[in-house]
file model23.txt (compact mmCIF, C-alpha atoms)
# COMPACT_ATOMS: atom_id res chain seq x y z
CA MET A 172 2.61 48.33 25.42
CA THR A 173 0.75 49.26 28.52
CA ASP A 174 -2.61 48.01 29.72
CA ARG A 175 -3.62 51.55 30.61
CA ILE A 176 -5.12 53.92 28.09
CA ARG A 177 -6.90 57.22 28.32
CA PRO A 178 -10.61 57.20 27.45
CA GLN A 179 -10.95 57.20 23.70
CA THR A 180 -13.61 59.13 21.90
CA PRO A 181 -16.24 58.74 20.65
CA ASP A 182 -16.98 56.27 23.45
CA MET A 183 -18.61 52.87 22.99
CA ALA A 184 -22.11 54.18 23.69
CA ASP A 185 -21.68 56.76 20.97
CA LEU A 186 -20.35 54.20 18.49
CA LEU A 187 -23.25 51.84 19.13
CA HIS A 188 -25.72 54.67 18.82
CA THR A 189 -24.16 55.82 15.55
CA VAL A 190 -24.26 52.35 14.01
CA ARG A 191 -27.83 51.81 15.16
CA GLU A 192 -28.95 55.11 13.63
CA PHE A 193 -27.36 54.07 10.35
CA VAL A 194 -29.03 50.67 10.38
CA ALA A 195 -32.40 52.22 11.22
CA ALA A 196 -32.10 54.82 8.47
CA SER A 197 -31.04 52.19 5.93
CA THR A 198 -33.81 49.71 6.68
CA ALA A 199 -36.40 51.24 4.37
CA LYS A 200 -33.97 51.11 1.44
CA LEU A 201 -33.36 47.39 1.79
CA PRO A 202 -35.18 44.73 -0.22
CA GLU A 203 -38.27 43.67 1.68
CA GLU A 204 -36.86 40.28 2.65
CA ASP A 205 -33.92 41.91 4.45
CA ARG A 206 -35.88 44.54 6.37
CA TYR A 207 -36.89 42.28 9.22
CA GLN A 208 -33.26 41.27 9.78
CA ALA A 209 -32.26 44.95 9.80
CA GLN A 210 -34.94 45.76 12.36
CA VAL A 211 -33.66 42.94 14.55
CA ALA A 212 -30.09 44.22 14.12
CA ALA A 213 -31.14 47.68 15.30
CA TYR A 214 -32.99 46.09 18.22
CA LEU A 215 -29.87 44.15 19.27
CA LEU A 216 -27.77 47.32 19.12
CA SER A 217 -30.32 49.14 21.27
CA ILE A 218 -30.03 46.34 23.85
CA CYS A 219 -26.25 46.85 23.89
CA GLU A 220 -26.70 50.59 24.43
CA ARG A 221 -29.06 50.04 27.35
CA GLU A 222 -26.87 47.36 28.88
CA LEU A 223 -23.85 49.64 28.67
CA ALA A 224 -25.77 52.42 30.40
CA SER A 225 -27.16 50.10 33.06
CA ALA A 226 -25.74 50.13 36.56
CA ALA A 227 -27.10 46.65 37.35
CA ALA A 228 -24.47 44.25 38.61
CA CYS A 229 -24.44 40.67 37.35
CA VAL A 230 -25.20 37.92 39.84
CA GLU A 231 -23.58 34.58 39.24
CA ASP A 232 -25.53 32.33 41.61
CA ALA A 233 -28.18 31.16 39.12
CA GLY A 234 -27.05 27.52 39.33
CA ALA A 235 -27.31 27.30 43.10
CA LEU A 236 -30.66 29.09 43.17
CA CYS A 237 -32.04 26.81 40.46
CA ARG A 238 -30.97 23.70 42.38
CA ALA A 239 -32.64 25.02 45.53
CA ILE A 240 -35.90 25.79 43.70
CA ARG A 241 -35.93 22.36 42.08
CA ALA A 242 -35.25 20.63 45.39
CA GLY A 243 -38.27 22.39 46.92
CA GLU A 244 -36.09 24.38 49.33
CA ARG A 245 -37.79 27.62 48.34
CA ASP A 246 -41.37 26.36 48.63
CA ALA A 247 -41.63 27.74 52.17
CA ASP A 248 -40.76 31.29 51.12
CA TRP A 249 -42.30 31.03 47.67
CA ASP A 250 -43.94 34.47 47.52
CA ALA A 251 -40.69 36.19 48.49
CA LEU A 252 -38.83 34.14 45.89
CA ILE A 253 -41.24 35.09 43.10
CA SER A 254 -41.21 38.72 44.18
CA ASP A 255 -37.36 38.78 44.08
CA LEU A 256 -37.29 37.08 40.69
CA LEU A 257 -39.82 39.55 39.35
CA GLN A 258 -37.68 42.52 40.46
CA GLU A 259 -34.60 40.97 38.87
CA THR A 260 -36.43 40.06 35.66
CA ALA A 261 -37.96 43.53 35.40
CA ALA A 262 -34.40 44.94 35.53
CA ALA A 263 -33.40 42.56 32.72
CA VAL A 264 -36.43 43.58 30.64
CA ALA A 265 -35.61 47.26 31.24
CA ILE A 266 -32.40 46.54 29.31
CA THR A 267 -33.82 44.17 26.69
CA LYS A 268 -37.10 45.88 25.85
CA PRO A 269 -38.39 48.52 28.27
CA ALA A 270 -41.67 48.86 26.35
CA HIS A 271 -42.56 45.34 27.46
CA LEU A 272 -42.75 46.38 31.13
CA ALA A 273 -46.05 47.01 32.88
CA PRO A 274 -46.56 50.58 34.20
CA ILE A 275 -45.55 49.55 37.76
CA HIS A 276 -42.05 48.72 36.50
CA LYS A 277 -41.60 51.62 34.14
CA GLU A 278 -39.35 54.44 35.24
CA GLY A 279 -40.63 57.98 35.63
CA MET B 440 -32.75 40.44 -10.34
CA ALA B 441 -31.45 37.63 -8.21
CA GLU B 442 -30.64 34.39 -9.95
CA ALA B 443 -33.62 32.02 -9.85
CA PRO B 444 -33.20 29.38 -7.15
CA PRO B 445 -32.89 25.85 -8.44
CA PHE B 446 -36.22 24.07 -8.59
CA GLU B 447 -35.06 21.14 -10.76
CA ASP B 448 -35.26 18.83 -7.75
CA LEU B 449 -38.83 19.89 -7.06
CA LEU B 450 -39.81 19.45 -10.72
CA ARG B 451 -38.26 15.98 -10.78
CA ALA B 452 -40.09 15.01 -7.55
CA VAL B 453 -43.39 16.27 -8.95
CA ARG B 454 -42.91 14.42 -12.26
CA ARG B 455 -42.16 11.17 -10.45
CA ARG B 456 -45.69 11.36 -9.03
CA PHE B 457 -47.74 13.26 -11.58
CA GLY B 458 -46.08 12.19 -14.84
CA ALA B 459 -43.56 13.68 -17.25
CA GLY B 460 -46.08 16.20 -18.59
CA ALA B 461 -46.37 18.04 -15.28
CA THR B 462 -44.75 21.47 -15.03
CA LEU B 463 -44.28 24.10 -12.33
CA ASP B 464 -45.46 27.67 -12.59
CA ASP B 465 -45.77 30.83 -10.46
CA ILE B 466 -43.09 29.73 -7.97
CA VAL B 467 -42.80 31.78 -4.77
CA VAL B 468 -40.32 31.28 -1.93
CA PRO B 469 -41.60 32.95 1.26
CA THR B 470 -38.75 34.54 3.17
CA LEU B 471 -39.63 33.73 6.77
CA GLY B 472 -39.07 30.00 6.61
CA GLY B 473 -37.24 29.43 9.89
CA SER B 474 -35.88 25.92 9.87
CA ASN B 475 -37.69 24.94 6.69
CA ARG B 476 -37.32 25.59 2.98
CA THR B 477 -40.80 26.47 1.81
CA VAL B 478 -41.75 26.73 -1.87
CA ILE B 479 -45.22 27.62 -3.15
CA PHE B 480 -45.99 26.66 -6.74
CA ASP B 481 -48.65 25.76 -9.28
CA LEU B 482 -48.60 22.18 -10.50
CA VAL B 483 -49.73 22.37 -14.12
CA GLU B 484 -51.10 19.29 -15.89
CA GLY B 485 -52.49 20.16 -19.28
CA ALA B 486 -55.30 22.65 -18.74
CA SER B 487 -55.54 22.10 -14.99
CA ARG B 488 -53.42 23.68 -12.34
CA ARG B 489 -53.31 23.32 -8.60
CA ARG B 490 -51.42 25.45 -6.10
CA MET B 491 -49.24 23.51 -3.68
CA VAL B 492 -46.78 24.10 -0.84
CA SER B 493 -43.52 22.20 -0.44
CA ARG B 494 -41.82 22.12 2.95
CA GLN B 495 -38.35 20.66 3.39
CA GLU B 496 -36.60 20.38 6.72
CA THR B 497 -33.24 22.11 6.56
CA TYR B 498 -32.26 21.96 10.22
CA SER B 499 -32.98 19.46 12.95
CA ALA B 500 -31.57 19.96 16.44
CA ALA B 501 -30.46 17.00 18.50
CA ASN B 502 -33.04 17.68 21.19
CA SER B 503 -35.66 19.22 18.95
CA PRO B 504 -39.16 19.64 20.36
CA PHE B 505 -40.51 19.32 16.81
CA LEU B 506 -41.83 16.19 15.14
CA PRO B 507 -39.96 14.62 12.23
CA THR B 508 -41.67 15.62 8.99
CA ALA B 509 -43.00 12.09 8.41
CA GLN B 510 -44.97 12.30 11.65
CA GLN B 511 -46.20 15.82 10.88
CA PHE B 512 -47.45 14.55 7.55
CA ARG B 513 -49.19 11.62 9.18
CA ALA B 514 -50.83 13.83 11.82
CA MET B 515 -52.11 16.16 9.08
CA ARG B 516 -53.39 13.17 7.12
CA VAL B 517 -55.30 11.87 10.13
CA ALA B 518 -56.79 15.30 10.81
CA PHE B 519 -57.69 15.82 7.16
CA ASP B 520 -59.41 12.43 7.01
CA HIS B 521 -61.45 13.43 10.07
CA GLY B 522 -62.67 16.60 8.40
CA ILE B 523 -60.49 19.00 10.37
CA PRO B 524 -59.61 22.04 8.24
CA VAL B 525 -56.01 21.40 7.28
CA PRO B 526 -54.18 21.79 3.95
CA GLU B 527 -54.60 18.46 2.19
CA PRO B 528 -51.41 16.41 2.57
CA LEU B 529 -50.41 15.29 -0.95
CA PHE B 530 -47.09 13.44 -0.85
CA GLU B 531 -43.90 13.01 1.13
CA TYR B 532 -40.39 13.21 -0.26
CA ASP B 533 -38.46 9.97 -0.27
CA ALA B 534 -34.81 9.03 -0.69
CA ALA B 535 -35.11 8.91 -4.49
CA ASP B 536 -36.08 12.60 -4.51
CA GLY B 537 -32.78 13.57 -2.90
CA MET B 538 -34.52 16.45 -1.12
CA GLY B 539 -34.09 15.32 2.45
CA SER B 540 -37.23 15.02 4.51
CA GLY B 541 -40.33 17.03 3.77
CA PHE B 542 -43.71 16.97 2.11
CA VAL B 543 -46.12 18.72 -0.21
CA THR B 544 -49.60 19.87 0.71
CA ALA B 545 -52.38 21.76 -1.02
CA PHE B 546 -52.10 25.55 -0.78
CA VAL B 547 -54.76 27.29 1.26
CA SER B 548 -55.06 31.01 0.82
CA GLY B 549 -55.75 33.33 3.71
CA GLU B 550 -54.04 35.41 6.35
CA THR B 551 -51.91 34.18 9.25
CA PHE B 552 -50.33 37.46 10.33
CA PRO B 553 -51.67 38.16 13.85
CA LYS B 554 -51.91 41.94 13.60
CA LYS B 555 -53.87 41.81 10.35
CA ILE B 556 -56.31 39.28 11.79
CA GLN B 557 -56.70 41.29 15.00
CA THR B 558 -57.02 44.76 13.50
CA GLY B 559 -57.16 44.60 9.68
CA ALA B 560 -60.21 46.23 8.11
CA ALA B 561 -60.64 43.23 5.78
CA PHE B 562 -61.34 41.00 8.81
CA GLU B 563 -63.79 43.27 10.61
CA THR B 564 -66.85 41.27 9.58
CA VAL B 565 -65.45 37.84 10.28
CA ARG B 566 -63.52 38.76 13.46
CA PRO B 567 -66.41 38.34 15.93
CA ARG B 568 -67.02 34.81 14.55
CA LEU B 569 -63.44 33.62 14.92
CA VAL B 570 -63.61 32.60 18.58
CA GLY B 571 -66.63 30.41 17.88
CA GLN B 572 -64.87 28.79 14.94
CA LEU B 573 -61.69 28.22 16.93
CA GLY B 574 -63.62 26.62 19.78
CA GLU B 575 -65.47 24.41 17.32
CA VAL B 576 -62.44 23.36 15.28
CA ILE B 577 -60.41 22.40 18.31
CA ALA B 578 -63.38 20.59 19.89
CA ARG B 579 -63.72 18.52 16.71
CA MET B 580 -60.00 17.80 16.76
CA HIS B 581 -60.22 16.63 20.39
CA ALA B 582 -63.26 14.48 19.52
CA MET B 583 -61.18 12.28 17.22
CA PRO B 584 -60.60 8.87 18.76
CA PRO B 585 -57.27 9.37 20.55
CA GLU B 586 -55.94 6.11 19.05
CA VAL B 587 -55.45 7.96 15.76
CA PHE B 588 -52.44 9.59 17.40
CA ASP B 589 -51.04 6.38 18.90
CA PHE B 590 -47.98 6.85 16.70
CA LEU B 591 -47.23 9.95 18.81
CA ALA B 592 -47.55 8.16 22.15
CA ALA B 593 -43.77 7.87 22.51
CA MET B 594 -43.35 11.67 22.30
CA PRO B 595 -42.12 12.96 25.67
CA ASP B 596 -44.92 15.55 25.54
CA SER B 597 -47.51 12.78 25.28
CA HIS B 598 -46.14 11.12 28.40
CA ASP B 599 -45.53 14.13 30.68
CA PRO B 600 -45.49 17.61 29.13
CA ILE B 601 -43.82 19.20 32.15
CA ALA B 602 -41.00 16.66 32.26
CA ALA B 603 -40.61 17.10 28.50
CA GLN B 604 -40.10 20.83 28.95
CA ARG B 605 -37.71 20.31 31.84
CA ASP B 606 -35.56 17.89 29.83
CA ARG B 607 -35.27 20.41 27.00
CA TYR B 608 -34.51 23.23 29.43
CA ASP B 609 -31.77 21.12 31.06
CA SER B 610 -30.22 20.34 27.68
CA TYR B 611 -29.54 24.04 27.02
CA GLU B 612 -27.33 24.20 30.13
CA GLU B 613 -28.37 27.71 31.08
CA PRO B 614 -29.78 27.86 34.61
CA ARG B 615 -32.59 30.41 34.72
CA PRO B 616 -34.31 30.74 38.11
CA ALA B 617 -37.55 32.14 36.68
CA VAL B 618 -37.99 29.15 34.35
CA GLU B 619 -37.03 26.83 37.19
CA ALA B 620 -39.68 28.45 39.40
CA GLY B 621 -42.23 28.10 36.61
CA LEU B 622 -41.49 24.39 36.30
CA ARG B 623 -41.71 23.98 40.08
CA TRP B 624 -45.07 25.77 40.15
CA LEU B 625 -46.38 23.54 37.36
CA GLU B 626 -45.36 20.42 39.25
CA ARG B 627 -46.98 21.56 42.48
CA ASN B 628 -50.23 22.69 40.90
CA ARG B 629 -51.02 19.95 38.40
CA PRO B 630 -54.74 19.71 37.63
CA ALA B 631 -56.48 16.35 37.91
CA PRO B 632 -55.38 14.28 34.90
CA ARG B 633 -57.74 14.05 31.95
CA GLU B 634 -58.08 11.33 29.38
CA GLY B 635 -55.52 11.95 26.65
CA ARG B 636 -56.77 13.51 23.43
CA ALA B 637 -55.19 14.17 20.05
CA LEU B 638 -53.74 17.66 20.40
CA HIS B 639 -52.62 20.04 17.69
CA GLY B 640 -49.91 21.20 20.08
CA ASP B 641 -49.26 24.60 18.48
CA PHE B 642 -52.79 25.98 18.33
CA ARG B 643 -52.31 29.75 18.45
CA LEU B 644 -52.83 32.95 16.52
CA GLY B 645 -50.33 32.82 13.64
CA ASN B 646 -50.78 29.10 13.08
CA PHE B 647 -54.24 29.18 11.56
CA MET B 648 -55.22 30.58 8.22
CA VAL B 649 -58.07 33.09 8.24
CA ASP B 650 -60.11 34.00 5.18
CA PRO B 651 -61.82 37.43 5.25
CA GLU B 652 -65.18 35.84 4.47
CA GLN B 653 -65.06 32.28 5.77
CA GLY B 654 -62.91 32.84 8.86
CA VAL B 655 -60.74 29.94 10.02
CA VAL B 656 -59.98 27.82 6.96
CA ALA B 657 -56.91 25.80 7.97
CA LEU B 658 -54.83 24.73 10.96
CA LEU B 659 -51.14 24.93 10.06
CA ASP B 660 -47.84 23.92 11.67
CA TRP B 661 -48.31 20.39 12.93
CA GLU B 662 -44.80 20.09 14.33
CA CYS B 663 -45.94 19.74 17.93
CA ALA B 664 -48.90 17.36 17.65
CA HIS B 665 -49.12 14.92 20.56
CA LEU B 666 -51.52 13.33 23.02
CA GLY B 667 -52.57 15.16 26.16
CA SER B 668 -55.15 17.14 28.08
CA PRO B 669 -57.44 19.12 25.78
CA ALA B 670 -57.01 22.04 28.17
CA GLU B 671 -53.38 22.22 27.03
CA ASP B 672 -54.40 23.27 23.48
CA LEU B 673 -56.86 25.83 24.89
CA GLY B 674 -54.25 27.19 27.29
CA TRP B 675 -51.69 27.63 24.49
CA LEU B 676 -54.25 29.61 22.47
CA CYS B 677 -54.77 31.88 25.49
CA THR B 678 -51.10 32.18 26.49
CA ARG B 679 -50.28 35.85 26.92
CA SER B 680 -47.49 35.84 24.32
CA TRP B 681 -50.03 34.86 21.65
CA ARG B 682 -52.46 37.67 22.43
CA PHE B 683 -50.09 40.04 20.61
CA GLY B 684 -51.48 43.58 20.68
CA ARG B 685 -54.54 42.68 22.79
CA PRO B 686 -53.41 41.11 26.07
CA ASP B 687 -56.79 42.01 27.60
CA ARG B 688 -58.50 39.47 25.34
CA GLU B 689 -57.25 36.12 26.54
CA ALA B 690 -58.27 33.95 23.59
CA ALA B 691 -55.75 34.86 20.86
CA GLY B 692 -56.33 38.55 21.56
CA LEU B 693 -59.72 38.09 19.88
CA ALA B 694 -62.16 37.24 22.65
CA SER B 695 -62.36 36.30 26.30
CA ARG B 696 -61.30 32.99 27.77
CA THR B 697 -64.93 32.47 28.85
CA GLU B 698 -66.22 32.95 25.31
CA LEU B 699 -63.70 30.41 24.02
CA LEU B 700 -64.70 27.84 26.64
CA ALA B 701 -68.38 28.38 25.90
CA ALA B 702 -67.77 27.86 22.15
CA TYR B 703 -65.68 24.77 22.91
CA ALA B 704 -68.40 23.23 25.10
CA ALA B 705 -71.15 24.17 22.65
CA ALA B 706 -69.28 22.24 19.95
CA GLY B 707 -69.17 19.12 22.10
CA GLY B 708 -65.88 19.74 23.89
CA ALA B 709 -65.44 18.82 27.54
CA ALA B 710 -66.50 21.27 30.23
CA ILE B 711 -63.23 22.92 31.23
CA ASP B 712 -63.08 25.70 33.77
CA ALA B 713 -61.11 28.89 33.35
CA ASP B 714 -58.62 28.04 36.11
CA GLU B 715 -57.57 24.86 34.35
CA VAL B 716 -56.93 26.88 31.20
CA ARG B 717 -54.96 29.40 33.30
CA TYR B 718 -52.74 26.54 34.48
CA TRP B 719 -51.93 25.67 30.88
CA GLU B 720 -51.29 29.33 30.12
CA VAL B 721 -48.57 29.27 32.78
CA PHE B 722 -47.32 26.09 31.13
CA GLY B 723 -47.44 27.97 27.81
CA LEU B 724 -45.26 30.78 29.15
CA VAL B 725 -42.72 28.28 30.52
CA ARG B 726 -42.77 26.43 27.21
CA TRP B 727 -42.35 29.62 25.20
CA ALA B 728 -39.49 30.78 27.44
CA ILE B 729 -37.76 27.42 26.86
CA LEU B 730 -38.32 27.65 23.09
CA ASN B 731 -36.62 31.05 23.14
CA MET B 732 -33.76 29.51 25.14
CA MET B 733 -33.51 26.83 22.45
CA GLN B 734 -33.04 29.47 19.73
CA GLY B 735 -30.52 31.35 21.85
CA HIS B 736 -28.67 28.10 22.55
CA GLY B 737 -28.52 27.29 18.84
CA HIS B 738 -26.92 30.69 18.32
CA ARG B 739 -24.43 30.55 21.19
CA SER B 740 -23.35 26.99 20.43
CA GLY B 741 -22.69 27.94 16.81
CA VAL B 742 -25.08 25.33 15.45
CA ARG B 743 -27.33 27.97 13.92
CA ARG B 744 -26.17 31.54 14.34
CA GLY B 745 -28.17 34.59 13.35
CA LEU B 746 -29.68 37.89 14.42
CA VAL B 747 -33.13 36.48 15.05
CA PHE B 748 -31.86 33.57 17.12
CA ALA B 749 -29.67 35.90 19.18
CA ALA B 750 -32.70 38.13 19.77
CA CYS B 751 -34.80 35.12 20.83
CA GLY B 752 -32.19 34.27 23.46
CA ARG B 753 -32.44 37.76 24.89
CA ASN B 754 -36.23 37.79 24.64
CA THR B 755 -36.41 34.88 27.09
CA ALA B 756 -36.48 37.52 29.85
CA LEU B 757 -39.65 39.07 28.39
CA VAL B 758 -41.48 35.77 28.63
CA GLU B 759 -40.14 35.21 32.14
CA TYR B 760 -41.48 38.64 33.08
CA ASP B 761 -44.97 37.70 31.86
CA LEU B 762 -44.68 34.40 33.72
CA LEU B 763 -43.75 36.07 37.02
CA MET B 764 -46.39 38.80 36.60
CA THR B 765 -48.90 35.98 36.13
CA LEU B 766 -47.65 33.99 39.12
CA THR B 767 -47.97 37.10 41.32
CA GLY B 768 -51.54 37.60 40.09
CA ARG B 769 -50.82 40.91 38.33
CA TYR B 770 -51.51 39.47 34.90
CA ASP B 771 -54.44 37.25 33.97
call {"tool": "encode", "arguments": {"input": "model23.txt", "output": "structure tokens"}}
result
Amino acid sequence: MTDRIRPQTPDMADLLHTVREFVAASTAKLPEEDRYQAQVAAYLLSICERELASAAACVEDAGALCRAIRAGERDADWDALISDLLQETAAAVAITKPAHLAPIHKEG
Amino acid sequence: MAEAPPFEDLLRAVRRRFGAGATLDDIVVPTLGGSNRTVIFDLVEGASRRRMVSRQETYSAANSPFLPTAQQFRAMRVAFDHGIPVPEPLFEYDAADGMGSGFVTAFVSGETFPKKIQTGAAFETVRPRLVGQLGEVIARMHAMPPEVFDFLAAMPDSHDPIAAQRDRYDSYEEPRPAVEAGLRWLERNRPAPREGRALHGDFRLGNFMVDPEQGVVALLDWECAHLGSPAEDLGWLCTRSWRFGRPDREAAGLASRTELLAAYAAAGGAAIDADEVRYWEVFGLVRWAILNMMQGHGHRSGVRRGLVFAACGRNTALVEYDLLMTLTGRYD
């Protein structure tokens, strides 16, 4: 076996999309008590699709930043800190639930 | 047809208290129970019947922010005895019932679903009155002698609500800079302390029952009762996440913050200014973010897996976004 393969089709984005479409189309046929769970399932799949399409790189320094904030080391540049966190959080929300963003953070 | 769930335990518990002639009828199990098993039923004794609600705890996390059911029951009893609208607490389960911990209250009919209360045609007439009723109900709650909640004095939230949130956040072992910044802001901007009052602790749209004619008929969900600043209850009611479809109306998406404070003061509540309520709204966003982390943690750790809990974990970012938009002054 090799660790190199050619791109397989349909790709992951397509598979996720296909499953989500199925879940969404099936929701209305489910007993009422299962519909909410199905809606959440479709929501989670849509998050996966957006995350896959996102170019945002993951930062791994959350622990260090949290310690600095707690120790008061960011009090002096507080506004810049909050502004940075807002940009980062808006990018996370764009993946999780873009409709939640205020107009200033919506694309287009 | 699904097989009927077993209610023999409930029937036995009811007969221990109401006699062997008591029977159950019209049993309904609501589906969105969360960490509780909820059963609604008629208790029939001869020609009389009374609708009741049974709540059993099915899950209790090690570092749960929620009160044990015995304390919830006691808080409801105290409130009921002081004339606060609350479903009448009837009895608690004990070891002989073999049903774990839980209790039975009277059933109160009405609507809790936020969207229906905010926009439903059936509530059009009563809707303008709701803010006045909410201000009055919570003012009466806060007017109870605080000693009635002495049994909740050991709750971390009664001692220092910010430290209580921080301890829970730390226990989920997921460093999140936005939450950390929220906690830091709360520590640096604490309002002058107020005399502790009996707080409902989860006073928000969705946790009170609204009747289309009478308006607010019951305060539900007493899992977070504690002692603290009355502004904390008002701030939770105004927290952006609980405005649902109407973020422009601060008080539960029903009215302005100013209208709520006026109703609260008119009913004998303390004079509280809007900025103090805003502080507790920031607290509310931090608290709600941490509650979402708790659900996500339960999922990731395998203690309680599920679609909804996974979604809550992800939704933490939405609450953080509202928090940061508020801290930058873009949201009010």
call {"tool": "residues_around", "arguments": {"input": "model23.txt", "residues": "stretch 266-277 of chain A", "least_positions_apart": "6", "cutoff": "7 Å", "atoms": "all atoms listed in the file", "output": "list in words"}}
result
Ile218, Arg221 and Glu222 of chain A; Arg753 and Leu757 of chain B
call {"tool": "interface_residues", "arguments": {"input": "model23.txt", "of": "chain B", "to": "chain A", "cutoff": "8 Å", "atoms": "only C-alpha atoms", "output": "PyMOL selection string"}}
result
chain B and resi 470+614-617+619-620+623+746-747+750+753-754+756-757+759-760+763-764+766-767
call {"tool": "write_last_selection", "arguments": {"input": "model23.txt", "atoms": "C-alpha atoms", "output": "mmCIF file, in the coordinates of the input"}}
result
data_model
loop_
_atom_site.group_PDB
_atom_site.id
_atom_site.type_symbol
_atom_site.label_atom_id
_atom_site.label_comp_id
_atom_site.auth_asym_id
_atom_site.auth_seq_id
_atom_site.Cartn_x
_atom_site.Cartn_y
_atom_site.Cartn_z
ATOM 1 C CA THR B 470 -38.750 34.540 3.170
ATOM 2 C CA PRO B 614 -29.780 27.860 34.610
ATOM 3 C CA ARG B 615 -32.590 30.410 34.720
ATOM 4 C CA PRO B 616 -34.310 30.740 38.110
ATOM 5 C CA ALA B 617 -37.550 32.140 36.680
ATOM 6 C CA GLU B 619 -37.030 26.830 37.190
ATOM 7 C CA ALA B 620 -39.680 28.450 39.400
ATOM 8 C CA ARG B 623 -41.710 23.980 40.080
ATOM 9 C CA LEU B 746 -29.680 37.890 14.420
ATOM 10 C CA VAL B 747 -33.130 36.480 15.050
ATOM 11 C CA ALA B 750 -32.700 38.130 19.770
ATOM 12 C CA ARG B 753 -32.440 37.760 24.890
ATOM 13 C CA ASN B 754 -36.230 37.790 24.640
ATOM 14 C CA ALA B 756 -36.480 37.520 29.850
ATOM 15 C CA LEU B 757 -39.650 39.070 28.390
ATOM 16 C CA GLU B 759 -40.140 35.210 32.140
ATOM 17 C CA TYR B 760 -41.480 38.640 33.080
ATOM 18 C CA LEU B 763 -43.750 36.070 37.020
ATOM 19 C CA MET B 764 -46.390 38.800 36.600
ATOM 20 C CA LEU B 766 -47.650 33.990 39.120
ATOM 21 C CA THR B 767 -47.970 37.100 41.320
#
call {"tool": "atom_distance", "arguments": {"input": "model23.txt", "atom1": "atom CA of B:Asp589", "atom2": "atom CA of B:Ile577"}}
result
18.6 Å
call {"tool": "atom_distance", "arguments": {"input": "model23.txt", "atom1": "atom CA of B:Leu676", "atom2": "atom CA of B:Asn502"}}
result
24.4 Å
call {"tool": "residues_near_point", "arguments": {"input": "model23.txt", "point": "(-60.7, 30.5, 7.5)", "cutoff": "10 Å", "atoms": "only C-alpha atoms", "output": "PDB file with C-alpha atoms, in the coordinates of the input"}}
result
ATOM      1  CA  PRO B 524     -59.610  22.040   8.240  1.00  0.00           C
ATOM      2  CA  VAL B 547     -54.760  27.290   1.260  1.00  0.00           C
ATOM      3  CA  SER B 548     -55.060  31.010   0.820  1.00  0.00           C
ATOM      4  CA  GLY B 549     -55.750  33.330   3.710  1.00  0.00           C
ATOM      5  CA  GLU B 550     -54.040  35.410   6.350  1.00  0.00           C
ATOM      6  CA  THR B 551     -51.910  34.180   9.250  1.00  0.00           C
ATOM      7  CA  VAL B 565     -65.450  37.840  10.280  1.00  0.00           C
ATOM      8  CA  LEU B 569     -63.440  33.620  14.920  1.00  0.00           C
ATOM      9  CA  GLN B 572     -64.870  28.790  14.940  1.00  0.00           C
ATOM     10  CA  LEU B 573     -61.690  28.220  16.930  1.00  0.00           C
ATOM     11  CA  PHE B 647     -54.240  29.180  11.560  1.00  0.00           C
ATOM     12  CA  MET B 648     -55.220  30.580   8.220  1.00  0.00           C
ATOM     13  CA  VAL B 649     -58.070  33.090   8.240  1.00  0.00           C
ATOM     14  CA  ASP B 650     -60.110  34.000   5.180  1.00  0.00           C
ATOM     15  CA  PRO B 651     -61.820  37.430   5.250  1.00  0.00           C
ATOM     16  CA  GLU B 652     -65.180  35.840   4.470  1.00  0.00           C
ATOM     17  CA  GLN B 653     -65.060  32.280   5.770  1.00  0.00           C
ATOM     18  CA  GLY B 654     -62.910  32.840   8.860  1.00  0.00           C
ATOM     19  CA  VAL B 655     -60.740  29.940  10.020  1.00  0.00           C
ATOM     20  CA  VAL B 656     -59.980  27.820   6.960  1.00  0.00           C
ATOM     21  CA  ALA B 657     -56.910  25.800   7.970  1.00  0.00           C
ATOM     22  CA  LEU B 658     -54.830  24.730  10.960  1.00  0.00           C
TER      23      LEU B 658
END
call {"tool": "atom_distance", "arguments": {"input": "model23.txt", "atom1": "atom CA of B:Phe552", "atom2": "atom CA of B:Gly645"}}
result
5.7 Å
call {"tool": "residues_around", "arguments": {"input": "model23.txt", "residues": "B:Glu662", "least_positions_apart": "3", "cutoff": "8 Å", "atoms": "all atoms listed in the file", "output": "PyMOL selection string"}}
result
chain B and resi 505-508+511+640-641
call {"tool": "write_last_selection", "arguments": {"input": "model23.txt", "atoms": "C-alpha atoms", "output": "PDB file, in the coordinates of the input"}}
result
ATOM      1  CA  PHE B 505     -40.510  19.320  16.810  1.00  0.00           C
ATOM      2  CA  LEU B 506     -41.830  16.190  15.140  1.00  0.00           C
ATOM      3  CA  PRO B 507     -39.960  14.620  12.230  1.00  0.00           C
ATOM      4  CA  THR B 508     -41.670  15.620   8.990  1.00  0.00           C
ATOM      5  CA  GLN B 511     -46.200  15.820  10.880  1.00  0.00           C
ATOM      6  CA  GLY B 640     -49.910  21.200  20.080  1.00  0.00           C
ATOM      7  CA  ASP B 641     -49.260  24.600  18.480  1.00  0.00           C
TER       8      ASP B 641
END
call {"tool": "closest_residue", "arguments": {"input": "model23.txt", "among": "B:Ala664, B:Val587, B:Leu659, B:Ile479", "to": "B:Val467", "atoms": "all atoms listed in the file"}}
result
B:Ile479
call {"tool": "residues_around", "arguments": {"input": "model23.txt", "residues": "B:Pro669", "least_positions_apart": "6", "cutoff": "7 Å", "atoms": "all atoms listed in the file", "output": "PyMOL selection string"}}
result
chain B and resi 581+636+638
call {"tool": "residues_around", "arguments": {"input": "model23.txt", "residues": "stretch 180-187 of chain A", "least_positions_apart": "6", "cutoff": "7 Å", "atoms": "all atoms listed in the file", "output": "list of chain:residue names"}}
result
A:Leu216, A:Glu220, A:Leu223
call {"tool": "write_last_selection", "arguments": {"input": "model23.txt", "atoms": "C-alpha atoms", "output": "PDB file, in the frame of the given file"}}
result
ATOM      1  CA  LEU A 216     -27.770  47.320  19.120  1.00  0.00           C
ATOM      2  CA  GLU A 220     -26.700  50.590  24.430  1.00  0.00           C
ATOM      3  CA  LEU A 223     -23.850  49.640  28.670  1.00  0.00           C
TER       4      LEU A 223
END
